[in-house]
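Engineer: First the structure, then my questions, so here it is.
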Amino acid sequence: MSKQAFVALVTCFNDDETINYEATRAQVRRQVDAGNNIMCAGTNGDFSALTFEEKVRLTEEVVDEVGGRAKVIVNAGMPATFETLKLAHEFDRIGVDGIAVITPFFIACTQDGLVRHFSTVADAVKTPVYLYDIPARTQNHIEPETARTLSRHGNIAGIKDSGGAKETLEAYLEVAKDVEGFEVYSGPDHLVLWALQNGAAGCISGLGNAMPNVLAGILAAFNSGDIAEAKRQQAIYSAFRTDLYALGFAPAMVKRSLYLQDASVGASRQPALLPNKEQDAQIEEILRRYELL
């Protein structure tokens, strides 16, 4: 079965911080044309800054623009199970390919609490549910044994690992080996190929917003059996990641690097990091080095 790349799509904003849906649709087309699938309303999509109604409309717009040419996963995760359920029901109605559920943030959860949270959502919808672990942002971590417990739920299809630790990713991959139908998608951009080689179903990458063709190239080469080419593309991707992320918070750097390629994506909603001329000059130099400008 072919491995798949999803891009954690940015949400585009106008100067007044309203969503620019047409510009977002243009980014969807750019990614799908490159060969990538879409994850919307995730970390790189400023999901925590969007209202309930905006998330619903954003998903409708993305699904409409994709038009069945690629898969769409959308993040429904919120601190409370109550609101997560409300969003999940809306996404179920719209008809997405998967509903990601980021671990609750601000509310400290036990592992038993996480099992209840994810199971309740998965019980309530027909769309496959994907666990979404990013403890640096939420302070709640899905332990591998918790993932194993949840993997036995009939409507929990897998997990997106954005923890950044290879050891945790390895542990999730062990669960996937033991539980048929449970998929692992890697989040760290430097581990795309490593994860594919070790049994991941694919990746969900934020960096792909700025470098979609290289991301798609890693997957295409791997799926065709050309590991040398996959390694070459991964080396480019990893080097770009190292250079770009050295300048600041990763999602902010991705959004700014994309803005400098296409200003229609706009800035992020406040209080996100404000750009400055010195940093923009550094990003532009990196973009030119990788032939992205």
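Identifiers for the structure tokens are assigned positionally: chains receive A, B, ... in sequence, residues are indexed from 1 per chain, and ligands are indexed from 1 in the order shown.
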Compile a residue-level contact table for range 12-114 of chain A against range 265-282 of chain A at a cut-off of 8 Å, reporting for every qualifying residue the shortest atom pair and its distance in Å to one decimal, with only C-alpha atoms counted, rows ordered by chain and ascending number, as JSON lines.
Structural biologist:
{"residue": "A:Cys12", "atom": "CA", "partner": "A:Val265", "partner_atom": "CA", "distance": 4.3}
{"residue": "A:Phe13", "atom": "CA", "partner": "A:Gly266", "partner_atom": "CA", "distance": 4.9}
{"residue": "A:Asn14", "atom": "CA", "partner": "A:Gly266", "partner_atom": "CA", "distance": 5.9}
{"residue": "A:Asp15", "atom": "CA", "partner": "A:Gly266", "partner_atom": "CA", "distance": 6.8}
{"residue": "A:Glu17", "atom": "CA", "partner": "A:Arg269", "partner_atom": "CA", "distance": 5.9}
{"residue": "A:Asn20", "atom": "CA", "partner": "A:Val265", "partner_atom": "CA", "distance": 7.7}
{"residue": "A:Ala23", "atom": "CA", "partner": "A:Val265", "partner_atom": "CA", "distance": 6.1}
{"residue": "A:Thr24", "atom": "CA", "partner": "A:Val265", "partner_atom": "CA", "distance": 7.2}
{"residue": "A:Asp46", "atom": "CA", "partner": "A:Ser268", "partner_atom": "CA", "distance": 7.2}
{"residue": "A:Ala49", "atom": "CA", "partner": "A:Arg269", "partner_atom": "CA", "distance": 6.8}
Engineer: Which polymer residues have any atom within 8 Å of an atom of Gly35 in chain A, counting only C-alpha atoms, with same-chain residues fewer than 4 positions away left out, as a ChimeraX atom specification?
Structural biologist: /A:31,213,216
Engineer: Put those residues in a file: N, CA and C atoms, as a PDB file, in the first residue's frame.
Structural biologist:
ATOM      1  N   GLN A  31      -0.955  22.380  -3.134  1.00  0.00           N
ATOM      2  CA  GLN A  31      -0.522  21.136  -2.487  1.00  0.00           C
ATOM      3  C   GLN A  31      -1.029  19.903  -3.229  1.00  0.00           C
ATOM      4  N   ASN A 213       6.944  20.305  -3.202  1.00  0.00           N
ATOM      5  CA  ASN A 213       7.411  19.353  -4.210  1.00  0.00           C
ATOM      6  C   ASN A 213       8.475  18.403  -3.669  1.00  0.00           C
ATOM      7  N   ALA A 216       6.572  15.827  -1.532  1.00  0.00           N
ATOM      8  CA  ALA A 216       5.946  14.857  -2.431  1.00  0.00           C
ATOM      9  C   ALA A 216       6.989  13.967  -3.089  1.00  0.00           C
TER      10      ALA A 216
END
Engineer: Find the spatial neighbours of Leu260 in chain A, counting only C-alpha atoms, within a cut-off of 9 Å - ignore same-chain residues fewer than 5 positions away - and output them as a VMD selection string.
Structural biologist: chain A and resid 255 280 283 to 284 287 293
Engineer: What separation in Å, quoted to one decimal, exists between CA of Asp64 in chain A and CA of Gly45 in chain A?
Structural biologist: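 Between CA of Asp64 in chain A and CA of Gly45 in chain A the gap is 17.5 Å.
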Engineer: DSSP on the backbone: which residues in range 39-158 of chain A end up as helix (DSSP H, G or I)? Give the answer as a count of residues only.
Structural biologist: 61
Engineer: Quick one: residues within 12 Å of Ala76 in chain A, only C-alpha atoms, excluding same-chain residues fewer than 2 positions away - as a PyMOL selection string?
Structural biologist: chain A and resi 39-43+47-48+50-52+55-56+59+73-74+78-92+96+98-104+118+121-122+125+127+129-132
Engineer: So which residues touch Glu180 in chain A within 12 Å, counting only C-alpha atoms, skipping near sequence neighbours fewer than 6 positions away, as a list in words?
Structural biologist: Arg148, Ser151, Arg152, His153, Gly154, Ile156, Ala157, Gly158, Leu173 and Glu174 of chain A
Engineer: For N, CA and C atoms, I'd like the residues from the last selection saved as an mmCIF file, in the first residue's frame.
Structural biologist:
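File produced: again21.cif:
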data_model
loop_
_atom_site.group_PDB
_atom_site.id
_atom_site.type_symbol
_atom_site.label_atom_id
_atom_site.label_comp_id
_atom_site.auth_asym_id
_atom_site.auth_seq_id
_atom_site.Cartn_x
_atom_site.Cartn_y
_atom_site.Cartn_z
ATOM 1 N N ARG A 148 -1.878 2.033 22.551
ATOM 2 C CA ARG A 148 -2.193 0.615 22.317
ATOM 3 C C ARG A 148 -3.635 0.306 22.748
ATOM 4 N N SER A 151 -5.930 1.851 20.266
ATOM 5 C CA SER A 151 -5.840 1.250 18.931
ATOM 6 C C SER A 151 -6.844 0.125 18.738
ATOM 7 N N ARG A 152 -7.340 -0.412 19.841
ATOM 8 C CA ARG A 152 -8.301 -1.520 19.765
ATOM 9 C C ARG A 152 -9.732 -1.027 19.564
ATOM 10 N N HIS A 153 -9.909 0.295 19.634
ATOM 11 C CA HIS A 153 -11.243 0.862 19.375
ATOM 12 C C HIS A 153 -11.518 0.759 17.880
ATOM 13 N N GLY A 154 -12.683 0.329 17.524
ATOM 14 C CA GLY A 154 -12.979 0.064 16.123
ATOM 15 C C GLY A 154 -12.950 1.273 15.217
ATOM 16 N N ILE A 156 -10.866 4.122 15.845
ATOM 17 C CA ILE A 156 -9.616 4.886 15.977
ATOM 18 C C ILE A 156 -8.611 4.272 15.014
ATOM 19 N N ALA A 157 -8.292 5.037 13.974
ATOM 20 C CA ALA A 157 -7.542 4.494 12.837
ATOM 21 C C ALA A 157 -6.042 4.683 12.931
ATOM 22 N N GLY A 158 -5.584 5.551 13.856
ATOM 23 C CA GLY A 158 -4.148 5.772 13.926
ATOM 24 C C GLY A 158 -3.786 6.952 14.792
ATOM 25 N N LEU A 173 5.060 2.899 16.478
ATOM 26 C CA LEU A 173 5.193 1.983 15.339
ATOM 27 C C LEU A 173 5.097 0.529 15.782
ATOM 28 N N GLU A 174 5.537 0.232 16.989
ATOM 29 C CA GLU A 174 5.381 -1.118 17.528
ATOM 30 C C GLU A 174 3.910 -1.459 17.706
#
Engineer: Kindly indicate which residue among A:Val175, A:Ala210, A:Ala5, A:Leu193 lies nearest to Asp226 in chain A, using only C-alpha atoms for the distances.
Structural biologist: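 Looking at the shortest contact to Asp226 in chain A, the residue is A:Leu193.
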Engineer: So that I can see what lies close to Gln261 in chain A, please list as a JSON list (two decimals) with C-alpha atoms, in the first residue's frame the residues with an atom at most 8 Å from it, counting only C-alpha atoms and leaving out residues fewer than 3 positions away in the same chain.
Structural biologist:
[["chain", "number", "residue", "atom", "x", "y", "z"],
["A", 257, "SER", "CA", 8.60, 31.67, 4.58],
["A", 258, "LEU", "CA", 5.38, 30.97, 2.68],
["A", 292, "LEU", "CA", 12.20, 28.77, -3.52],
["A", 293, "LEU", "CA", 12.40, 32.44, -4.50]]
Engineer: In range 107-267 of chain A, what's strand (DSSP E or B) per DSSP? Answer as a ChimeraX atom specification?
Structural biologist: /A:129-133,156-161,183-186,202-205
Engineer: Leaving out Ala221 in chain A and any residue of its chain fewer than 4 positions from it, which residues lie within 12 Å of it when counting only C-alpha atoms, given as JSON, numbers by chain?
Structural biologist: {"A": [2, 3, 4, 193, 196, 213, 214, 215, 216, 217, 225, 226, 227, 228, 229, 230, 231, 232, 233, 234]}
Engineer: Limited to C-alpha atoms, could you put the picked residues into a file as a PDB file, in the first residue's frame?
Structural biologist:
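Done, and the output landed in result16.pdb:
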ATOM      1  CA  SER A   2       1.407   3.398  -0.986  1.00  0.00           C
ATOM      2  CA  LYS A   3       2.523   5.717   1.788  1.00  0.00           C
ATOM      3  CA  GLN A   4       0.958   9.173   1.850  1.00  0.00           C
ATOM      4  CA  LEU A 193      11.924   8.871   5.341  1.00  0.00           C
ATOM      5  CA  LEU A 196       8.408   5.387   6.168  1.00  0.00           C
ATOM      6  CA  ASN A 213       7.411  19.353  -4.210  1.00  0.00           C
ATOM      7  CA  VAL A 214      10.312  18.017  -2.158  1.00  0.00           C
ATOM      8  CA  LEU A 215       7.916  16.477   0.368  1.00  0.00           C
ATOM      9  CA  ALA A 216       5.946  14.857  -2.431  1.00  0.00           C
ATOM     10  CA  GLY A 217       9.245  13.761  -3.978  1.00  0.00           C
ATOM     11  CA  GLY A 225      11.411   1.848  -4.538  1.00  0.00           C
ATOM     12  CA  ASP A 226      14.037   4.487  -5.381  1.00  0.00           C
ATOM     13  CA  ILE A 227      15.508   4.821  -1.904  1.00  0.00           C
ATOM     14  CA  ALA A 228      18.576   6.718  -3.135  1.00  0.00           C
ATOM     15  CA  GLU A 229      16.341   9.443  -4.556  1.00  0.00           C
ATOM     16  CA  ALA A 230      14.193   9.440  -1.422  1.00  0.00           C
ATOM     17  CA  LYS A 231      17.350   9.965   0.662  1.00  0.00           C
ATOM     18  CA  ARG A 232      18.462  12.805  -1.614  1.00  0.00           C
ATOM     19  CA  GLN A 233      15.116  14.565  -1.264  1.00  0.00           C
ATOM     20  CA  GLN A 234      15.018  13.963   2.494  1.00  0.00           C
TER      21      GLN A 234
END
Engineer: Between A:Ala201, A:Ala220, A:Ala8, A:Ala252, which residue has the minimum interatomic distance to Asn75 in chain A, considering only C-alpha atoms?
Structural biologist: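 Of all the options, A:Ala8 lies closest to Asn75 in chain A.
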